[in-house]
file final_4.cif (mmCIF, C-alpha atoms)
data_final
loop_
_atom_site.label_atom_id
_atom_site.label_comp_id
_atom_site.auth_asym_id
_atom_site.auth_seq_id
_atom_site.Cartn_x
_atom_site.Cartn_y
_atom_site.Cartn_z
CA MET A 187 6.86 -18.65 -13.38
CA LYS A 188 9.94 -16.75 -12.21
CA ASN A 189 8.44 -13.48 -13.45
CA ILE A 190 5.31 -13.91 -11.33
CA ASP A 191 7.47 -14.56 -8.26
CA LYS A 192 9.47 -11.40 -8.90
CA PHE A 193 6.30 -9.41 -9.42
CA ARG A 194 4.77 -10.79 -6.22
CA ALA A 195 7.92 -9.84 -4.35
CA ARG A 196 7.67 -6.28 -5.72
CA VAL A 197 4.03 -6.02 -4.66
CA PHE A 198 4.74 -7.35 -1.17
CA ASN A 199 7.73 -5.03 -0.89
CA ALA A 200 5.45 -2.11 -1.76
CA LEU A 201 2.95 -3.28 0.86
CA ALA A 202 5.69 -3.68 3.49
CA ASP A 203 5.83 0.01 4.35
CA PRO A 204 3.42 1.52 6.91
CA VAL A 205 3.18 4.82 5.01
CA ARG A 206 2.24 3.05 1.78
CA LEU A 207 -0.37 0.98 3.63
CA LYS A 208 -1.79 4.18 5.10
CA ILE A 209 -1.95 5.74 1.62
CA LEU A 210 -3.74 2.68 0.24
CA GLU A 211 -6.22 2.76 3.13
CA PHE A 212 -6.91 6.42 2.35
CA LEU A 213 -7.56 5.47 -1.28
CA ARG A 214 -9.91 2.65 -0.25
CA ASP A 215 -12.94 4.92 -0.64
CA GLY A 216 -11.88 6.28 -4.02
CA GLU A 217 -9.67 8.68 -5.85
CA ARG A 218 -7.80 11.35 -3.88
CA CYS A 219 -5.66 14.33 -4.73
CA VAL A 220 -2.08 14.39 -3.48
CA CYS A 221 -3.08 17.58 -1.65
CA GLU A 222 -5.45 15.41 0.45
CA ILE A 223 -3.02 12.51 0.90
CA VAL A 224 -0.18 14.65 2.31
CA PRO A 225 -2.03 15.88 5.43
CA TYR A 226 -3.61 12.46 5.96
CA VAL A 227 -0.27 10.63 6.18
CA GLY A 228 1.44 13.57 7.88
CA ILE A 229 4.71 13.61 5.96
CA ALA A 230 6.18 16.03 3.43
CA GLN A 231 4.82 16.07 -0.12
CA PRO A 232 8.08 14.88 -1.75
CA LEU A 233 8.06 11.79 0.49
CA VAL A 234 4.40 11.11 -0.29
CA SER A 235 5.22 11.40 -4.00
CA ARG A 236 8.06 8.92 -3.59
CA HIS A 237 5.75 6.40 -1.90
CA LEU A 238 3.09 6.92 -4.57
CA ALA A 239 5.70 6.31 -7.28
CA ILE A 240 6.59 2.97 -5.69
CA LEU A 241 2.92 1.99 -5.54
CA LYS A 242 2.46 3.08 -9.15
CA ARG A 243 5.53 1.20 -10.44
CA CYS A 244 4.18 -2.10 -9.19
CA GLY A 245 0.71 -1.36 -10.53
CA LEU A 246 -1.18 -0.87 -7.27
CA VAL A 247 -2.23 2.72 -8.03
CA ARG A 248 -2.82 4.88 -11.09
CA ASP A 249 -2.77 8.62 -11.42
CA ARG A 250 -4.34 11.28 -13.55
CA LYS A 251 -3.62 14.94 -13.87
CA GLU A 252 -6.29 17.60 -13.71
CA GLY A 253 -4.94 21.11 -14.09
CA ASN A 254 -2.07 21.40 -11.65
CA LYS A 255 -3.40 18.63 -9.39
CA ARG A 256 -2.59 14.94 -9.52
CA PHE A 257 -5.17 12.39 -8.42
CA TYR A 258 -4.46 8.80 -7.38
CA SER A 259 -6.68 5.74 -7.17
CA VAL A 260 -6.27 2.03 -6.57
CA THR A 261 -6.07 -0.02 -9.77
CA SER A 262 -7.86 -3.02 -8.29
CA PRO A 263 -9.77 -3.37 -5.01
CA THR A 264 -8.38 -6.90 -4.81
CA VAL A 265 -5.33 -5.44 -3.05
CA PHE A 266 -7.56 -4.83 -0.03
CA ARG A 267 -8.30 -8.56 0.22
CA VAL A 268 -4.56 -9.11 0.63
CA ILE A 269 -4.23 -6.31 3.19
CA ASP A 270 -7.35 -7.37 5.11
CA ALA A 271 -6.15 -10.99 5.26
CA VAL A 272 -3.49 -9.87 7.73
CA ASP A 273 -6.00 -9.33 10.52
CA ALA A 274 -5.67 -9.63 14.29
CA SER A 275 -6.29 -13.39 14.34
CA PHE A 276 -3.64 -13.98 11.67
CA VAL A 277 -1.11 -11.87 13.59
CA ASP A 278 -1.99 -13.65 16.86
CA ALA A 279 -1.42 -17.04 15.22
CA LEU A 280 1.97 -15.93 13.92
CA VAL A 281 2.99 -14.54 17.30
CA ARG A 282 1.95 -17.79 19.02
CA HIS A 283 4.02 -19.76 16.53
CA VAL A 284 7.09 -17.58 17.08
CA VAL A 285 6.71 -17.84 20.87
CA GLU A 286 6.43 -21.62 20.61
CA GLN A 287 9.60 -21.76 18.53
CA ILE A 288 11.67 -19.80 21.04
CA ALA A 289 10.19 -21.45 24.16
#

call {"tool": "encode", "arguments": {"input": "final_4.cif", "output": "structure tokens"}}
result
Amino acid sequence: MKNIDKFRARVFNALADPVRLKILEFLRDGERCVCEIVPYVGIAQPLVSRHLAILKRCGLVRDRKEGNKRFYSVTSPTVFRVIDAVDASFVDALVRHVVEQIA
């Protein structure tokens, strides 16, 4: 059971970065080349590659090479259920709770 907790923590750590969330959202509709991801997220290619490596290490994305291009895709669309669960109503409920605690 400890291993699953560690793995969950790694996944949530990977999801805790806005750039990685933006990358995952871009991959929501299917496989994309790094050359498409870089302009979408608006940061340098080495930084995008670093974020993709983090997502890959915890199993959220896979890659394949085609010629001199590398393509990434989401390993399981289930990750979007987790991301989508943190919607506006969830955030509002958390904010209300925090405000109640400090009031």

call {"tool": "resolve_selection", "arguments": {"input": "final_4.cif", "expression": "the PyMOL selection byres ((chain A and resi 228-244) around 7)", "output": "PDB file with C-alpha atoms, in the frame of the given file"}}
result
ATOM      1  CA  ARG A 196       7.670  -6.280  -5.720  1.00  0.00           C
ATOM      2  CA  VAL A 197       4.030  -6.020  -4.660  1.00  0.00           C
ATOM      3  CA  ALA A 200       5.450  -2.110  -1.760  1.00  0.00           C
ATOM      4  CA  ARG A 206       2.240   3.050   1.780  1.00  0.00           C
ATOM      5  CA  VAL A 224      -0.180  14.650   2.310  1.00  0.00           C
ATOM      6  CA  PRO A 225      -2.030  15.880   5.430  1.00  0.00           C
ATOM      7  CA  TYR A 226      -3.610  12.460   5.960  1.00  0.00           C
ATOM      8  CA  VAL A 227      -0.270  10.630   6.180  1.00  0.00           C
ATOM      9  CA  GLY A 245       0.710  -1.360 -10.530  1.00  0.00           C
ATOM     10  CA  LEU A 246      -1.180  -0.870  -7.270  1.00  0.00           C
ATOM     11  CA  VAL A 247      -2.230   2.720  -8.030  1.00  0.00           C
ATOM     12  CA  ARG A 248      -2.820   4.880 -11.090  1.00  0.00           C
TER      13      ARG A 248
END

call {"tool": "closest_residue", "arguments": {"input": "final_4.cif", "among": "A:Lys208, A:Arg194, A:Arg267, A:Arg218", "to": "Lys255 in chain A", "atoms": "all atoms listed in the file"}}
result
A:Arg218

call {"tool": "axis_aligned_box", "arguments": {"input": "final_4.cif", "around": "range 193-208 of chain A", "padding_each_side": "6 Å", "output": "JSON"}}
result
{"center_x": 3.1, "center_y": -3.0, "center_z": -1.3, "size_x": 21.7, "size_y": 27.6, "size_z": 28.3}

call {"tool": "closest_residue", "arguments": {"input": "final_4.cif", "among": "A:Asp191, A:Tyr258, A:Asp249, A:Ile269", "to": "Pro204 in chain A", "atoms": "all atoms listed in the file"}}
result
A:Ile269

call {"tool": "closest_residue", "arguments": {"input": "final_4.cif", "among": "A:Leu201, A:Ile190, A:Ile209, A:Cys221", "to": "Val260 in chain A", "atoms": "all atoms listed in the file"}}
result
A:Ile209

call {"tool": "atom_distance", "arguments": {"input": "final_4.cif", "atom1": "CA of Phe198 in chain A", "atom2": "CA of Phe276 in chain A"}}
result
16.7 Å

call {"tool": "closest_residue", "arguments": {"input": "final_4.cif", "among": "A:Ile288, A:Leu210, A:Val220, A:Val281", "to": "Glu252 in chain A", "atoms": "all atoms listed in the file"}}
result
A:Val220

call {"tool": "atom_distance", "arguments": {"input": "final_4.cif", "atom1": "CA of Ala274 in chain A", "atom2": "CA of Arg214 in chain A"}}
result
19.5 Å

call {"tool": "decode", "arguments": {"input": "final_4.cif", "residues": "range 188-207 of chain A", "atoms": "N, CA and C atoms", "output": "compact mmCIF listing (two decimals), in the first residue's frame"}}
result
# COMPACT_ATOMS: atom_id res chain seq x y z
N LYS A 188 2.04 1.19 0.60
CA LYS A 188 2.93 2.35 0.62
C LYS A 188 3.35 2.74 -0.79
N ASN A 189 3.57 1.75 -1.66
CA ASN A 189 3.99 2.04 -3.03
C ASN A 189 2.94 2.82 -3.79
N ILE A 190 1.67 2.46 -3.60
CA ILE A 190 0.60 3.20 -4.29
C ILE A 190 0.54 4.63 -3.80
N ASP A 191 0.77 4.86 -2.52
CA ASP A 191 0.77 6.22 -1.99
C ASP A 191 1.92 7.04 -2.58
N LYS A 192 3.07 6.43 -2.70
CA LYS A 192 4.21 7.12 -3.30
C LYS A 192 3.95 7.43 -4.76
N PHE A 193 3.36 6.48 -5.46
CA PHE A 193 3.06 6.69 -6.87
C PHE A 193 2.02 7.80 -7.04
N ARG A 194 0.98 7.78 -6.21
CA ARG A 194 -0.02 8.85 -6.26
C ARG A 194 0.62 10.20 -6.02
N ALA A 195 1.51 10.26 -5.06
CA ALA A 195 2.19 11.52 -4.77
C ALA A 195 3.00 11.99 -5.98
N ARG A 196 3.65 11.07 -6.67
CA ARG A 196 4.42 11.44 -7.88
C ARG A 196 3.49 11.96 -8.97
N VAL A 197 2.35 11.32 -9.14
CA VAL A 197 1.39 11.76 -10.16
C VAL A 197 0.87 13.15 -9.81
N PHE A 198 0.46 13.34 -8.56
CA PHE A 198 -0.06 14.65 -8.17
C PHE A 198 1.02 15.73 -8.22
N ASN A 199 2.25 15.36 -7.92
CA ASN A 199 3.35 16.31 -8.07
C ASN A 199 3.51 16.71 -9.53
N ALA A 200 3.41 15.75 -10.43
CA ALA A 200 3.50 16.06 -11.86
C ALA A 200 2.35 16.96 -12.30
N LEU A 201 1.18 16.75 -11.74
CA LEU A 201 0.01 17.55 -12.10
C LEU A 201 0.01 18.92 -11.43
N ALA A 202 0.91 19.14 -10.49
CA ALA A 202 0.91 20.37 -9.70
C ALA A 202 1.55 21.56 -10.41
N ASP A 203 2.01 21.37 -11.62
CA ASP A 203 2.68 22.46 -12.33
C ASP A 203 1.78 22.97 -13.46
N PRO A 204 1.56 24.29 -13.54
CA PRO A 204 0.70 24.84 -14.59
C PRO A 204 1.17 24.52 -16.02
N VAL A 205 2.47 24.49 -16.23
CA VAL A 205 2.98 24.18 -17.57
C VAL A 205 2.65 22.73 -17.94
N ARG A 206 2.83 21.83 -16.99
CA ARG A 206 2.51 20.42 -17.29
C ARG A 206 1.02 20.22 -17.51
N LEU A 207 0.18 20.95 -16.77
CA LEU A 207 -1.26 20.88 -17.01
C LEU A 207 -1.60 21.41 -18.40
